[in-house]
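Below is one structure, written out as structure tokens, with a few remarks after it.
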Amino acid sequence: MSSNSSSIKEQFEQDGYYIMRQLYSEDEIEAFKNACIAIVKEHDPGRSGVLVGMTLRSPLFKQATVKPSLVEALREIIGEHIVFLSDKVVLKNAGTDFGSPWHQDHPYWDGSHKFSVWIALDDAMPSNGCLRLVPGSHQQGTVSHDGEVVDDLGFINRIDMTQIADSDVLDFEARRGDAVIFHDLLFHASYPNVSGKERWALITTYKDGTQEDPDYEWAGAAFAVSSPR
């Protein structure tokens, strides 16, 4: 994890993401994973493997959203007024063999730009569905999401594969506790999980509190993380 905060904003503006290795301790990740397991038993996410609203279901997840070192990095990227909007768990279990298609997050919510933090609750590698990123792709703005949808996995906005060059893709291989902050215009996807092992992730989403937005139905746990000093 970088200790040079002056470089965080520069790197984020250039690449559209910022990686923080071992942001969370093993004990923290174990607690988050166990809480996710208990919640998923009560609220089936269905075939998509995505369950929104973890903080609404357990106050434990607020600890993840306000981790001091994370907030400091977000302050460099977003500014002084940071608002947490919502979080979700994304689970790829042993039987899950599909990956997330290439997409940007912005078409799902419109309004101001949002910033998400993808947190590895398990080690993630290509064989079990690690995240894939296209560095600098956020600079293209919102692109067409009219890629073909031939399944019912919940991703209705998809970038046509002809817009993605394999040579531009970065595979974010992660250890439990690693995290990456990324812009909502960054092209991202994930591999299918063909390993027979779990790959769960927690994703928290934030916005600049100075920007106007509609009232999002999915942001029932929203709160101000940081206000101007």
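We label chains A, B, ... in the order they appear in the structure tokens, count residues from 1 in each chain, and number ligands from 1 in the order shown.
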Inset, instruction - Would you kindly return, as a PyMOL selection string, each protein, DNA or RNA residue with an atom no farther than 12 Å from any atom of Glu42 in chain A, considering only C-alpha atoms and excluding same-chain residues fewer than 6 positions away? - result: chain A and resi 35-36+51+57
Can you spit out the residues from that selection as an mmCIF file, in the first residue's frame, using all heavy atoms?
```
data_model
loop_
_atom_site.group_PDB
_atom_site.id
_atom_site.type_symbol
_atom_site.label_atom_id
_atom_site.label_comp_id
_atom_site.auth_asym_id
_atom_site.auth_seq_id
_atom_site.Cartn_x
_atom_site.Cartn_y
_atom_site.Cartn_z
ATOM 1 N N ALA A 35 -19.786 -12.972 8.489
ATOM 2 C CA ALA A 35 -21.044 -12.221 8.507
ATOM 3 C C ALA A 35 -21.757 -12.347 7.167
ATOM 4 O O ALA A 35 -22.984 -12.483 7.108
ATOM 5 C CB ALA A 35 -20.781 -10.760 8.839
ATOM 6 N N CYS A 36 -20.993 -12.317 6.077
ATOM 7 C CA CYS A 36 -21.579 -12.485 4.751
ATOM 8 C C CYS A 36 -22.232 -13.855 4.620
ATOM 9 O O CYS A 36 -23.347 -13.986 4.091
ATOM 10 C CB CYS A 36 -20.510 -12.326 3.672
ATOM 11 S SG CYS A 36 -19.977 -10.629 3.355
ATOM 12 N N LEU A 51 -25.598 -9.754 -3.675
ATOM 13 C CA LEU A 51 -26.558 -9.355 -2.650
ATOM 14 C C LEU A 51 -26.219 -7.948 -2.189
ATOM 15 O O LEU A 51 -25.138 -7.699 -1.656
ATOM 16 C CB LEU A 51 -26.528 -10.326 -1.467
ATOM 17 C CG LEU A 51 -27.559 -10.069 -0.356
ATOM 18 C CD1 LEU A 51 -28.987 -10.208 -0.902
ATOM 19 C CD2 LEU A 51 -27.334 -11.012 0.813
ATOM 20 N N ARG A 57 -27.925 -4.767 6.837
ATOM 21 C CA ARG A 57 -28.210 -6.026 7.517
ATOM 22 C C ARG A 57 -27.302 -6.284 8.715
ATOM 23 O O ARG A 57 -27.651 -7.076 9.584
ATOM 24 C CB ARG A 57 -28.108 -7.178 6.518
ATOM 25 C CG ARG A 57 -29.151 -7.097 5.398
ATOM 26 C CD ARG A 57 -29.045 -8.276 4.452
ATOM 27 N NE ARG A 57 -30.173 -8.298 3.530
ATOM 28 C CZ ARG A 57 -30.146 -7.776 2.311
ATOM 29 N NH1 ARG A 57 -29.044 -7.185 1.869
ATOM 30 N NH2 ARG A 57 -31.204 -7.832 1.524
#
```
Would you give me, as a PDB file with N, CA and C atoms, in the first residue's frame, the residues in range 49-125 of chain A that DSSP reads as alpha helix (DSSP H)?
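Printed below is selection_34.pdb as written:
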```
ATOM      1  N   MET A  54     -25.380  -4.807   2.528  1.00  0.00           N
ATOM      2  CA  MET A  54     -24.801  -5.519   3.666  1.00  0.00           C
ATOM      3  C   MET A  54     -24.829  -4.675   4.941  1.00  0.00           C
ATOM      4  N   THR A  55     -24.538  -3.393   4.838  1.00  0.00           N
ATOM      5  CA  THR A  55     -24.555  -2.521   6.018  1.00  0.00           C
ATOM      6  C   THR A  55     -25.955  -2.388   6.588  1.00  0.00           C
ATOM      7  N   LEU A  56     -26.966  -2.482   5.742  1.00  0.00           N
ATOM      8  CA  LEU A  56     -28.345  -2.461   6.230  1.00  0.00           C
ATOM      9  C   LEU A  56     -28.648  -3.676   7.088  1.00  0.00           C
ATOM     10  N   ARG A  57     -27.925  -4.767   6.837  1.00  0.00           N
ATOM     11  CA  ARG A  57     -28.210  -6.026   7.517  1.00  0.00           C
ATOM     12  C   ARG A  57     -27.302  -6.284   8.715  1.00  0.00           C
ATOM     13  N   LEU A  60     -21.611  -4.439  11.360  1.00  0.00           N
ATOM     14  CA  LEU A  60     -20.206  -4.821  11.221  1.00  0.00           C
ATOM     15  C   LEU A  60     -19.599  -4.231   9.954  1.00  0.00           C
ATOM     16  N   PHE A  61     -20.389  -4.161   8.883  1.00  0.00           N
ATOM     17  CA  PHE A  61     -19.842  -3.730   7.603  1.00  0.00           C
ATOM     18  C   PHE A  61     -19.512  -2.240   7.564  1.00  0.00           C
ATOM     19  N   LYS A  62     -20.068  -1.494   8.504  1.00  0.00           N
ATOM     20  CA  LYS A  62     -19.691  -0.078   8.574  1.00  0.00           C
ATOM     21  C   LYS A  62     -18.208   0.073   8.888  1.00  0.00           C
ATOM     22  N   GLN A  63     -17.654  -0.918   9.611  1.00  0.00           N
ATOM     23  CA  GLN A  63     -16.223  -0.884   9.913  1.00  0.00           C
ATOM     24  C   GLN A  63     -15.390  -0.926   8.633  1.00  0.00           C
ATOM     25  N   ALA A  64     -15.880  -1.666   7.650  1.00  0.00           N
ATOM     26  CA  ALA A  64     -15.161  -1.744   6.375  1.00  0.00           C
ATOM     27  C   ALA A  64     -15.202  -0.408   5.646  1.00  0.00           C
ATOM     28  N   THR A  65     -16.327   0.276   5.710  1.00  0.00           N
ATOM     29  CA  THR A  65     -16.500   1.516   4.943  1.00  0.00           C
ATOM     30  C   THR A  65     -15.700   2.676   5.512  1.00  0.00           C
ATOM     31  N   PRO A  68      -9.778   3.859   8.480  1.00  0.00           N
ATOM     32  CA  PRO A  68      -9.096   5.157   8.363  1.00  0.00           C
ATOM     33  C   PRO A  68      -8.167   5.288   7.163  1.00  0.00           C
ATOM     34  N   SER A  69      -7.370   4.279   6.885  1.00  0.00           N
ATOM     35  CA  SER A  69      -6.451   4.381   5.747  1.00  0.00           C
ATOM     36  C   SER A  69      -7.201   4.428   4.426  1.00  0.00           C
ATOM     37  N   LEU A  70      -8.344   3.752   4.355  1.00  0.00           N
ATOM     38  CA  LEU A  70      -9.170   3.818   3.160  1.00  0.00           C
ATOM     39  C   LEU A  70      -9.776   5.206   3.004  1.00  0.00           C
ATOM     40  N   VAL A  71     -10.290   5.754   4.096  1.00  0.00           N
ATOM     41  CA  VAL A  71     -10.898   7.086   4.042  1.00  0.00           C
ATOM     42  C   VAL A  71      -9.878   8.123   3.601  1.00  0.00           C
ATOM     43  N   GLU A  72      -8.631   7.999   4.070  1.00  0.00           N
ATOM     44  CA  GLU A  72      -7.594   8.943   3.661  1.00  0.00           C
ATOM     45  C   GLU A  72      -7.338   8.861   2.160  1.00  0.00           C
ATOM     46  N   ALA A  73      -7.314   7.640   1.616  1.00  0.00           N
ATOM     47  CA  ALA A  73      -7.126   7.489   0.171  1.00  0.00           C
ATOM     48  C   ALA A  73      -8.318   8.055  -0.592  1.00  0.00           C
ATOM     49  N   LEU A  74      -9.530   7.787  -0.101  1.00  0.00           N
ATOM     50  CA  LEU A  74     -10.729   8.325  -0.750  1.00  0.00           C
ATOM     51  C   LEU A  74     -10.741   9.844  -0.706  1.00  0.00           C
ATOM     52  N   ARG A  75     -10.244  10.400   0.373  1.00  0.00           N
ATOM     53  CA  ARG A  75     -10.203  11.867   0.477  1.00  0.00           C
ATOM     54  C   ARG A  75      -9.301  12.453  -0.605  1.00  0.00           C
ATOM     55  N   GLU A  76      -8.190  11.787  -0.890  1.00  0.00           N
ATOM     56  CA  GLU A  76      -7.304  12.247  -1.961  1.00  0.00           C
ATOM     57  C   GLU A  76      -7.994  12.184  -3.315  1.00  0.00           C
ATOM     58  N   ILE A  77      -8.798  11.142  -3.516  1.00  0.00           N
ATOM     59  CA  ILE A  77      -9.426  10.908  -4.812  1.00  0.00           C
ATOM     60  C   ILE A  77     -10.704  11.714  -4.989  1.00  0.00           C
ATOM     61  N   ILE A  78     -11.560  11.719  -3.962  1.00  0.00           N
ATOM     62  CA  ILE A  78     -12.893  12.315  -4.064  1.00  0.00           C
ATOM     63  C   ILE A  78     -12.924  13.754  -3.586  1.00  0.00           C
ATOM     64  N   HIS A 106     -21.229   3.243 -14.232  1.00  0.00           N
ATOM     65  CA  HIS A 106     -22.000   4.482 -14.321  1.00  0.00           C
ATOM     66  C   HIS A 106     -23.375   4.313 -14.974  1.00  0.00           C
ATOM     67  N   PRO A 107     -23.526   3.523 -16.040  1.00  0.00           N
ATOM     68  CA  PRO A 107     -24.857   3.370 -16.645  1.00  0.00           C
ATOM     69  C   PRO A 107     -25.907   2.790 -15.701  1.00  0.00           C
ATOM     70  N   TYR A 108     -25.474   2.149 -14.619  1.00  0.00           N
ATOM     71  CA  TYR A 108     -26.436   1.560 -13.685  1.00  0.00           C
ATOM     72  C   TYR A 108     -27.056   2.602 -12.759  1.00  0.00           C
ATOM     73  N   TRP A 109     -26.381   3.734 -12.563  1.00  0.00           N
ATOM     74  CA  TRP A 109     -26.922   4.726 -11.622  1.00  0.00           C
ATOM     75  C   TRP A 109     -26.973   6.153 -12.170  1.00  0.00           C
TER      76      TRP A 109
END
```
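Checking A:Ala224, A:Asp171, A:Gly99, A:Met125 one by one against Val66 in chain A, counting only C-alpha atoms, you find the shortest gap at A:Ala224.
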- [ ] Just list the residues in range 41-89 of chain A DSSP gives strand (DSSP E) on the backbone, as a list in words.
- [x]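 Selection result, strand (DSSP E) within range 41-89 of chain A: Val50, Leu51, Val52, Ile82, Val83, Phe84, Leu85, Ser86, Asp87, Lys88 and Val89 of chain A.
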Would you output that residue set with N, CA, C and O atoms, as a compact mmCIF listing (two decimals), in the first residue's frame?
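Wrote part.txt, looks like this:
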```txt
# COMPACT_ATOMS: atom_id res chain seq x y z
N VAL A 50 -25.06 -11.90 -6.35
CA VAL A 50 -24.88 -10.53 -5.87
C VAL A 50 -25.98 -10.19 -4.87
O VAL A 50 -27.16 -10.34 -5.18
N LEU A 51 -25.60 -9.75 -3.67
CA LEU A 51 -26.56 -9.36 -2.65
C LEU A 51 -26.22 -7.95 -2.19
O LEU A 51 -25.14 -7.70 -1.66
N VAL A 52 -27.14 -7.01 -2.42
CA VAL A 52 -26.94 -5.60 -2.10
C VAL A 52 -27.44 -5.29 -0.70
O VAL A 52 -28.45 -5.84 -0.25
N ILE A 82 -17.11 13.08 1.65
CA ILE A 82 -17.30 11.72 1.15
C ILE A 82 -18.58 11.14 1.73
O ILE A 82 -18.79 11.18 2.94
N VAL A 83 -19.42 10.61 0.87
CA VAL A 83 -20.67 9.96 1.30
C VAL A 83 -20.63 8.49 0.89
O VAL A 83 -20.36 8.17 -0.27
N PHE A 84 -20.87 7.61 1.85
CA PHE A 84 -21.05 6.19 1.56
C PHE A 84 -22.48 5.99 1.09
O PHE A 84 -23.43 6.50 1.69
N LEU A 85 -22.65 5.23 0.01
CA LEU A 85 -23.98 5.00 -0.56
C LEU A 85 -24.52 3.61 -0.24
O LEU A 85 -25.61 3.46 0.28
N SER A 86 -23.76 2.58 -0.60
CA SER A 86 -24.26 1.22 -0.42
C SER A 86 -23.11 0.24 -0.55
O SER A 86 -21.99 0.61 -0.94
N ASP A 87 -23.38 -1.02 -0.22
CA ASP A 87 -22.39 -2.07 -0.39
C ASP A 87 -23.08 -3.36 -0.82
O ASP A 87 -24.30 -3.48 -0.75
N LYS A 88 -22.28 -4.29 -1.27
CA LYS A 88 -22.83 -5.58 -1.70
C LYS A 88 -21.75 -6.65 -1.59
O LYS A 88 -20.55 -6.35 -1.61
N VAL A 89 -22.18 -7.87 -1.44
CA VAL A 89 -21.28 -9.00 -1.51
C VAL A 89 -21.48 -9.68 -2.86
O VAL A 89 -22.61 -9.79 -3.36
```
Skip Gly111 in chain A itself and residues of its chain fewer than 3 positions away, then list as a list in words all residues within 8 Å of it, counting only C-alpha atoms. Glu212, Asp213 and Pro214 of chain A
Residue with the minimum atom-to-atom distance to Ala219 in chain A, picked from A:Lys114, A:Gly53, A:Glu30, A:His43 with only C-alpha atoms counted, is A:Gly53
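Residues in contact with Trp118 in chain A at up to 9 Å, not including ones fewer than 3 positions away on its chain and judged by only C-alpha atoms, are Leu131, Asp178, Ala179, Val180, Ile181, Phe182, Ala201, Leu202, Ile203, Thr204 and Thr205 of chain A.
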Suppose we keep all heavy atoms; can you now write the selection as a CSV table (one decimal), in the first residue's frame?
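Result file follows (result_37.csv):
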```csv
chain,number,residue,atom,x,y,z
A,131,LEU,N,-10.8,-10.1,-10.6
A,131,LEU,CA,-11.3,-8.9,-11.3
A,131,LEU,C,-10.3,-8.6,-12.4
A,131,LEU,O,-9.1,-8.9,-12.3
A,131,LEU,CB,-11.3,-7.8,-10.3
A,131,LEU,CG,-12.1,-6.5,-10.7
A,131,LEU,CD1,-13.6,-6.8,-10.8
A,131,LEU,CD2,-11.9,-5.4,-9.6
A,178,ASP,N,-6.7,-7.5,0.4
A,178,ASP,CA,-6.4,-6.5,-0.7
A,178,ASP,C,-7.6,-5.8,-1.1
A,178,ASP,O,-8.7,-6.4,-1.1
A,178,ASP,CB,-5.7,-7.2,-1.9
A,178,ASP,CG,-4.3,-7.7,-1.6
A,178,ASP,OD1,-3.8,-7.4,-0.5
A,178,ASP,OD2,-3.7,-8.4,-2.4
A,179,ALA,N,-7.5,-4.6,-1.6
A,179,ALA,CA,-8.6,-3.9,-2.2
A,179,ALA,C,-8.2,-3.0,-3.3
A,179,ALA,O,-7.0,-2.7,-3.5
A,179,ALA,CB,-9.2,-3.0,-1.1
A,180,VAL,N,-9.1,-2.6,-4.2
A,180,VAL,CA,-8.9,-1.7,-5.2
A,180,VAL,C,-10.0,-0.7,-5.3
A,180,VAL,O,-11.2,-1.1,-5.3
A,180,VAL,CB,-8.7,-2.4,-6.6
A,180,VAL,CG1,-9.9,-3.3,-7.0
A,180,VAL,CG2,-8.3,-1.4,-7.7
A,181,ILE,N,-9.7,0.6,-5.3
A,181,ILE,CA,-10.7,1.7,-5.5
A,181,ILE,C,-10.7,1.9,-7.0
A,181,ILE,O,-9.7,2.1,-7.7
A,181,ILE,CB,-10.2,3.0,-4.8
A,181,ILE,CG1,-9.9,2.7,-3.3
A,181,ILE,CG2,-11.3,4.1,-4.9
A,181,ILE,CD1,-9.2,3.9,-2.6
A,182,PHE,N,-11.9,2.0,-7.6
A,182,PHE,CA,-12.0,2.3,-9.0
A,182,PHE,C,-13.2,3.2,-9.4
A,182,PHE,O,-14.2,3.3,-8.7
A,182,PHE,CB,-12.1,1.0,-9.8
A,182,PHE,CG,-13.3,0.1,-9.6
A,182,PHE,CD1,-14.4,0.2,-10.4
A,182,PHE,CD2,-13.3,-0.8,-8.6
A,182,PHE,CE1,-15.5,-0.5,-10.2
A,182,PHE,CE2,-14.4,-1.6,-8.4
A,182,PHE,CZ,-15.5,-1.5,-9.2
A,201,ALA,N,-16.2,-11.4,-2.7
A,201,ALA,CA,-15.7,-10.0,-2.6
A,201,ALA,C,-16.8,-9.1,-2.0
A,201,ALA,O,-18.0,-9.3,-2.2
A,201,ALA,CB,-15.3,-9.5,-3.9
A,202,LEU,N,-16.4,-8.1,-1.2
A,202,LEU,CA,-17.2,-7.1,-0.7
A,202,LEU,C,-17.0,-5.8,-1.5
A,202,LEU,O,-15.8,-5.4,-1.7
A,202,LEU,CB,-17.0,-6.9,0.8
A,202,LEU,CG,-17.8,-5.8,1.5
A,202,LEU,CD1,-19.3,-6.2,1.6
A,202,LEU,CD2,-17.2,-5.5,2.9
A,203,ILE,N,-18.0,-5.1,-2.0
A,203,ILE,CA,-17.8,-3.9,-2.7
A,203,ILE,C,-18.6,-2.8,-2.0
A,203,ILE,O,-19.8,-2.9,-1.8
A,203,ILE,CB,-18.3,-4.1,-4.2
A,203,ILE,CG1,-17.6,-5.2,-4.9
A,203,ILE,CG2,-18.1,-2.8,-5.0
A,203,ILE,CD1,-18.1,-5.5,-6.3
A,204,THR,N,-17.9,-1.7,-1.7
A,204,THR,CA,-18.5,-0.5,-1.1
A,204,THR,C,-18.4,0.6,-2.1
A,204,THR,O,-17.4,0.8,-2.8
A,204,THR,CB,-17.8,-0.2,0.2
A,204,THR,OG1,-16.4,0.1,-0.1
A,204,THR,CG2,-17.8,-1.3,1.2
A,205,THR,N,-19.5,1.5,-2.1
A,205,THR,CA,-19.5,2.5,-3.1
A,205,THR,C,-19.8,3.9,-2.4
A,205,THR,O,-20.6,4.0,-1.5
A,205,THR,CB,-20.7,2.2,-4.1
A,205,THR,OG1,-20.4,1.0,-4.8
A,205,THR,CG2,-20.8,3.4,-5.1
```
Quick one: everything within 12 Å of Gly177 in chain A, counting only C-alpha atoms, minus sequence neighbours fewer than 6 positions away in the same chain. Send it as a PDB file with N, CA and C atoms, in the first residue's frame.
```
ATOM      1  N   MET A   1       0.854  -1.193   0.000  1.00  0.00           N
ATOM      2  CA  MET A   1       0.000   0.000   0.000  1.00  0.00           C
ATOM      3  C   MET A   1       0.884   1.235   0.000  1.00  0.00           C
ATOM      4  N   ILE A  19      -4.767   0.585  -6.119  1.00  0.00           N
ATOM      5  CA  ILE A  19      -4.705  -0.666  -5.378  1.00  0.00           C
ATOM      6  C   ILE A  19      -4.129  -0.445  -3.982  1.00  0.00           C
ATOM      7  N   MET A  20      -4.771  -1.049  -2.981  1.00  0.00           N
ATOM      8  CA  MET A  20      -4.302  -0.989  -1.602  1.00  0.00           C
ATOM      9  C   MET A  20      -4.118  -2.427  -1.103  1.00  0.00           C
ATOM     10  N   ARG A  21      -2.883  -2.869  -1.031  1.00  0.00           N
ATOM     11  CA  ARG A  21      -2.582  -4.230  -0.602  1.00  0.00           C
ATOM     12  C   ARG A  21      -2.726  -4.370   0.914  1.00  0.00           C
ATOM     13  N   GLN A  22      -3.332  -5.474   1.328  1.00  0.00           N
ATOM     14  CA  GLN A  22      -3.518  -5.794   2.750  1.00  0.00           C
ATOM     15  C   GLN A  22      -4.126  -4.618   3.523  1.00  0.00           C
ATOM     16  N   LEU A  23      -5.154  -4.051   2.942  1.00  0.00           N
ATOM     17  CA  LEU A  23      -5.881  -2.962   3.593  1.00  0.00           C
ATOM     18  C   LEU A  23      -6.544  -3.440   4.877  1.00  0.00           C
ATOM     19  N   TYR A  24      -7.028  -4.668   4.860  1.00  0.00           N
ATOM     20  CA  TYR A  24      -7.708  -5.241   6.022  1.00  0.00           C
ATOM     21  C   TYR A  24      -6.905  -6.415   6.568  1.00  0.00           C
ATOM     22  N   SER A  25      -6.945  -6.567   7.899  1.00  0.00           N
ATOM     23  CA  SER A  25      -6.231  -7.670   8.547  1.00  0.00           C
ATOM     24  C   SER A  25      -6.965  -8.985   8.325  1.00  0.00           C
ATOM     25  N   GLU A  26      -6.286 -10.085   8.611  1.00  0.00           N
ATOM     26  CA  GLU A  26      -6.901 -11.404   8.488  1.00  0.00           C
ATOM     27  C   GLU A  26      -8.117 -11.512   9.403  1.00  0.00           C
ATOM     28  N   ASP A  27      -8.011 -10.964  10.625  1.00  0.00           N
ATOM     29  CA  ASP A  27      -9.140 -11.020  11.564  1.00  0.00           C
ATOM     30  C   ASP A  27     -10.343 -10.243  11.033  1.00  0.00           C
ATOM     31  N   GLU A  28     -10.096  -9.075  10.447  1.00  0.00           N
ATOM     32  CA  GLU A  28     -11.188  -8.274   9.883  1.00  0.00           C
ATOM     33  C   GLU A  28     -11.860  -9.016   8.732  1.00  0.00           C
ATOM     34  N   ILE A  29     -11.054  -9.560   7.834  1.00  0.00           N
ATOM     35  CA  ILE A  29     -11.609 -10.260   6.676  1.00  0.00           C
ATOM     36  C   ILE A  29     -12.387 -11.489   7.115  1.00  0.00           C
ATOM     37  N   GLU A  30     -11.883 -12.213   8.101  1.00  0.00           N
ATOM     38  CA  GLU A  30     -12.587 -13.385   8.602  1.00  0.00           C
ATOM     39  C   GLU A  30     -13.951 -13.002   9.161  1.00  0.00           C
ATOM     40  N   ALA A  31     -14.003 -11.893   9.908  1.00  0.00           N
ATOM     41  CA  ALA A  31     -15.276 -11.431  10.470  1.00  0.00           C
ATOM     42  C   ALA A  31     -16.249 -11.024   9.364  1.00  0.00           C
ATOM     43  N   PHE A  32     -15.760 -10.306   8.356  1.00  0.00           N
ATOM     44  CA  PHE A  32     -16.622  -9.885   7.242  1.00  0.00           C
ATOM     45  C   PHE A  32     -17.141 -11.110   6.481  1.00  0.00           C
ATOM     46  N   LYS A  33     -16.263 -12.063   6.216  1.00  0.00           N
ATOM     47  CA  LYS A  33     -16.664 -13.252   5.452  1.00  0.00           C
ATOM     48  C   LYS A  33     -17.709 -14.060   6.228  1.00  0.00           C
ATOM     49  N   ALA A  64     -15.880  -1.666   7.650  1.00  0.00           N
ATOM     50  CA  ALA A  64     -15.161  -1.744   6.375  1.00  0.00           C
ATOM     51  C   ALA A  64     -15.202  -0.408   5.646  1.00  0.00           C
ATOM     52  N   VAL A 117     -15.047   0.365  -4.004  1.00  0.00           N
ATOM     53  CA  VAL A 117     -13.889  -0.320  -3.433  1.00  0.00           C
ATOM     54  C   VAL A 117     -14.188  -1.816  -3.447  1.00  0.00           C
ATOM     55  N   TRP A 118     -13.415  -2.562  -4.223  1.00  0.00           N
ATOM     56  CA  TRP A 118     -13.559  -4.008  -4.348  1.00  0.00           C
ATOM     57  C   TRP A 118     -12.605  -4.646  -3.357  1.00  0.00           C
ATOM     58  N   ILE A 119     -13.139  -5.384  -2.384  1.00  0.00           N
ATOM     59  CA  ILE A 119     -12.353  -5.933  -1.277  1.00  0.00           C
ATOM     60  C   ILE A 119     -12.353  -7.450  -1.375  1.00  0.00           C
ATOM     61  N   ALA A 120     -11.180  -8.053  -1.424  1.00  0.00           N
ATOM     62  CA  ALA A 120     -11.065  -9.508  -1.546  1.00  0.00           C
ATOM     63  C   ALA A 120     -11.320 -10.177  -0.201  1.00  0.00           C
ATOM     64  N   LEU A 121     -12.396 -10.974  -0.127  1.00  0.00           N
ATOM     65  CA  LEU A 121     -12.676 -11.778   1.060  1.00  0.00           C
ATOM     66  C   LEU A 121     -12.037 -13.158   0.957  1.00  0.00           C
ATOM     67  N   ASP A 122     -11.584 -13.506  -0.229  1.00  0.00           N
ATOM     68  CA  ASP A 122     -10.813 -14.725  -0.481  1.00  0.00           C
ATOM     69  C   ASP A 122      -9.694 -14.350  -1.435  1.00  0.00           C
ATOM     70  N   ASP A 123      -8.643 -15.171  -1.485  1.00  0.00           N
ATOM     71  CA  ASP A 123      -7.636 -14.978  -2.518  1.00  0.00           C
ATOM     72  C   ASP A 123      -8.329 -15.053  -3.879  1.00  0.00           C
ATOM     73  N   ALA A 124      -7.923 -14.192  -4.782  1.00  0.00           N
ATOM     74  CA  ALA A 124      -8.557 -14.134  -6.106  1.00  0.00           C
ATOM     75  C   ALA A 124      -7.494 -14.232  -7.191  1.00  0.00           C
ATOM     76  N   TRP A 200     -15.159 -14.777  -2.878  1.00  0.00           N
ATOM     77  CA  TRP A 200     -16.131 -13.781  -2.456  1.00  0.00           C
ATOM     78  C   TRP A 200     -15.460 -12.413  -2.378  1.00  0.00           C
ATOM     79  N   ALA A 201     -16.229 -11.381  -2.653  1.00  0.00           N
ATOM     80  CA  ALA A 201     -15.722 -10.011  -2.551  1.00  0.00           C
ATOM     81  C   ALA A 201     -16.808  -9.112  -1.963  1.00  0.00           C
ATOM     82  N   LEU A 202     -16.369  -8.122  -1.217  1.00  0.00           N
ATOM     83  CA  LEU A 202     -17.249  -7.075  -0.695  1.00  0.00           C
ATOM     84  C   LEU A 202     -16.974  -5.807  -1.477  1.00  0.00           C
TER      85      LEU A 202
END
```
